[in-house]
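Step one of this worksheet: look at the structure below.
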Amino acid sequence: MATSTPTVELASSAARENPHGHAGFIDYAGVALDSLRANKLRSFLTLLGIIIGITSIISVISIIQGLDHYWKAKISNFGPNTFVITQFPITTNIDKLIEMIRRNPDIRNDVADAIRRTCTACEAVGVETHKEARVKHGRQSLESIDMSGMTPNILDIEPFDVALGRTLQDWEEEHSRFVTFVGWEIADKLFPGADPLGQTIQIDDHQYAIVGVAEKKGTVFGFSQDNFAKIPLSTFQKIYGSRRSVNI
């Protein structure tokens, strides 16, 4: 006499043996839990390794994104289409620096003139040169100020936000005027609580009238970005000579 009971039992057994079925998943989960219980230390160390690995990846990504934002906000003032021609690139290798001093020629104003004539894709070409200087007003003096002679369009290529007054003008460059555009730190230390515009400061041995003050930028890696004084390039070369290498 035939019955249906064996058929039901075979179907149930096949469902348990099927790895893709619900019963198979429960069996595998049970085996995994039993393994975790039996090897608690190994399971803990494995889980700890996974946590440390994921945390490290997230930390590295966060640091890279933070440095990128810091660079864009604090350091990189130039746009993606701006290039700088300089005699000595930044290096921390003293041997390479000595080699560059011996090998690299000075960059003169005529290089900028040649670029202006031949570079049809260049929207603007500016020139700037730097030196350390001493700034004084009354009894207050500041040492190791970044003094630079520049063509006025440098302040457009390397944009500075103006807090007071204005930037240097082309006619001041053409007539070698003794005027200066200073950083926030200089104005704050030499004229605390007073209006610096129109005031005269002494840079090295010459007097300059302040025509503008830049917005405060703060520090980068502990170095102030606000202790500078910029004067017309023609004035700078009139005082210190035109043989000094420039940046373009």
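By order in the structure tokens, chains are A, B, ...; within a chain, residues start at 1; ligands start at 1, following the order shown.
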Note to self: Considering only helix (DSSP H, G or I) as DSSP defines it on the backbone, what residues of segment 21-205 of chain A qualify? List them as an NGL selection string.
What the structure shows: :A and (22-38 or 40-75 or 94-103 or 109-118 or 154-157 or 170-174 or 184-190)
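Residue nearest Glu172 of chain A, chosen from A:Leu233, A:Ala133, A:Leu190, A:Ala124 and counting only C-alpha atoms: A:Leu233.
By only C-alpha atoms, and with residues fewer than 4 positions from segment 212-228 of chain A along its chain excluded, the set lying at most 8 Å from it is Lys74, Ile75, Ile145, Asp146, Met147, Ser148, Phe160, Asp161, Val162, Ala163, Leu164, Gly165, Arg166, Thr167, Leu168, Thr180, Phe181, Val182, Gly183, Trp184, Glu185, Ile186, Ala187 and Leu197 of chain A.
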Write the residues of the preceding selection, restricted to N, CA and C atoms, as a PDB file, in the first residue's frame.
```pdb
ATOM      1  N   LYS A  74      45.316  78.055   2.434  1.00  0.00           N
ATOM      2  CA  LYS A  74      46.383  78.804   3.082  1.00  0.00           C
ATOM      3  C   LYS A  74      47.611  79.018   2.206  1.00  0.00           C
ATOM      4  N   ILE A  75      47.966  78.049   1.395  1.00  0.00           N
ATOM      5  CA  ILE A  75      49.261  78.080   0.717  1.00  0.00           C
ATOM      6  C   ILE A  75      49.144  78.430  -0.746  1.00  0.00           C
ATOM      7  N   ILE A 145      61.489  91.451   7.550  1.00  0.00           N
ATOM      8  CA  ILE A 145      60.251  91.602   6.794  1.00  0.00           C
ATOM      9  C   ILE A 145      60.507  91.191   5.339  1.00  0.00           C
ATOM     10  N   ASP A 146      59.548  90.511   4.749  1.00  0.00           N
ATOM     11  CA  ASP A 146      59.658  90.129   3.341  1.00  0.00           C
ATOM     12  C   ASP A 146      59.313  91.348   2.485  1.00  0.00           C
ATOM     13  N   MET A 147      60.359  91.980   1.964  1.00  0.00           N
ATOM     14  CA  MET A 147      60.159  93.132   1.091  1.00  0.00           C
ATOM     15  C   MET A 147      60.287  92.671  -0.346  1.00  0.00           C
ATOM     16  N   SER A 148      59.371  93.104  -1.196  1.00  0.00           N
ATOM     17  CA  SER A 148      59.427  92.689  -2.602  1.00  0.00           C
ATOM     18  C   SER A 148      59.135  93.867  -3.516  1.00  0.00           C
ATOM     19  N   PHE A 160      45.434  89.194  -3.652  1.00  0.00           N
ATOM     20  CA  PHE A 160      45.399  89.592  -2.254  1.00  0.00           C
ATOM     21  C   PHE A 160      44.097  90.338  -2.008  1.00  0.00           C
ATOM     22  N   ASP A 161      43.409  89.958  -0.951  1.00  0.00           N
ATOM     23  CA  ASP A 161      42.218  90.702  -0.553  1.00  0.00           C
ATOM     24  C   ASP A 161      42.656  91.967   0.177  1.00  0.00           C
ATOM     25  N   VAL A 162      42.063  93.082  -0.185  1.00  0.00           N
ATOM     26  CA  VAL A 162      42.459  94.378   0.372  1.00  0.00           C
ATOM     27  C   VAL A 162      41.559  94.715   1.560  1.00  0.00           C
ATOM     28  N   ALA A 163      42.186  94.944   2.713  1.00  0.00           N
ATOM     29  CA  ALA A 163      41.430  95.339   3.906  1.00  0.00           C
ATOM     30  C   ALA A 163      41.223  96.834   3.953  1.00  0.00           C
ATOM     31  N   LEU A 164      42.275  97.593   3.604  1.00  0.00           N
ATOM     32  CA  LEU A 164      42.201  99.057   3.616  1.00  0.00           C
ATOM     33  C   LEU A 164      42.919  99.600   2.391  1.00  0.00           C
ATOM     34  N   GLY A 165      42.399 100.687   1.842  1.00  0.00           N
ATOM     35  CA  GLY A 165      43.081 101.349   0.741  1.00  0.00           C
ATOM     36  C   GLY A 165      42.998 100.582  -0.566  1.00  0.00           C
ATOM     37  N   ARG A 166      44.133 100.473  -1.227  1.00  0.00           N
ATOM     38  CA  ARG A 166      44.187  99.858  -2.562  1.00  0.00           C
ATOM     39  C   ARG A 166      45.538  99.179  -2.771  1.00  0.00           C
ATOM     40  N   THR A 167      45.675  98.528  -3.914  1.00  0.00           N
ATOM     41  CA  THR A 167      46.954  97.919  -4.277  1.00  0.00           C
ATOM     42  C   THR A 167      47.793  98.934  -5.071  1.00  0.00           C
ATOM     43  N   LEU A 168      48.976  98.514  -5.492  1.00  0.00           N
ATOM     44  CA  LEU A 168      49.847  99.381  -6.272  1.00  0.00           C
ATOM     45  C   LEU A 168      49.274  99.587  -7.670  1.00  0.00           C
ATOM     46  N   THR A 180      53.945 101.826  -0.762  1.00  0.00           N
ATOM     47  CA  THR A 180      53.996 100.412  -0.379  1.00  0.00           C
ATOM     48  C   THR A 180      52.615  99.881  -0.030  1.00  0.00           C
ATOM     49  N   PHE A 181      52.430  98.608  -0.336  1.00  0.00           N
ATOM     50  CA  PHE A 181      51.238  97.839   0.037  1.00  0.00           C
ATOM     51  C   PHE A 181      51.707  96.818   1.063  1.00  0.00           C
ATOM     52  N   VAL A 182      51.203  96.896   2.292  1.00  0.00           N
ATOM     53  CA  VAL A 182      51.762  96.110   3.391  1.00  0.00           C
ATOM     54  C   VAL A 182      50.793  95.033   3.868  1.00  0.00           C
ATOM     55  N   GLY A 183      51.361  94.048   4.566  1.00  0.00           N
ATOM     56  CA  GLY A 183      50.564  92.997   5.173  1.00  0.00           C
ATOM     57  C   GLY A 183      49.898  93.462   6.455  1.00  0.00           C
ATOM     58  N   TRP A 184      48.891  92.718   6.868  1.00  0.00           N
ATOM     59  CA  TRP A 184      48.092  93.083   8.047  1.00  0.00           C
ATOM     60  C   TRP A 184      48.949  93.182   9.300  1.00  0.00           C
ATOM     61  N   GLU A 185      49.927  92.297   9.465  1.00  0.00           N
ATOM     62  CA  GLU A 185      50.739  92.271  10.672  1.00  0.00           C
ATOM     63  C   GLU A 185      51.550  93.548  10.843  1.00  0.00           C
ATOM     64  N   ILE A 186      52.093  94.069   9.733  1.00  0.00           N
ATOM     65  CA  ILE A 186      52.872  95.302   9.803  1.00  0.00           C
ATOM     66  C   ILE A 186      51.999  96.474  10.229  1.00  0.00           C
ATOM     67  N   ALA A 187      50.831  96.587   9.627  1.00  0.00           N
ATOM     68  CA  ALA A 187      49.920  97.681   9.989  1.00  0.00           C
ATOM     69  C   ALA A 187      49.467  97.562  11.443  1.00  0.00           C
ATOM     70  N   LEU A 197      46.665 104.185   6.586  1.00  0.00           N
ATOM     71  CA  LEU A 197      46.673 104.740   5.231  1.00  0.00           C
ATOM     72  C   LEU A 197      47.248 106.156   5.226  1.00  0.00           C
TER      73      LEU A 197
END
```
Notebook entry, point to check: Which residue, A:Val125, A:Ile58, A:Ile98, A:Ile201, has the smallest gap to Val84 of chain A when you use only C-alpha atoms?
Noted result: A:Val125
Margin query: Among segment 75-239 of chain A, which residues does DSSP mark as strand (DSSP E) when it is run on the backbone? Keep the chain and numbering as in the structure and answer as number ranges by chain.
Written below: A: 128-137, 140-150, 162-165, 179-182, 200-203, 206-214, 219-220, 223-224, 228-232
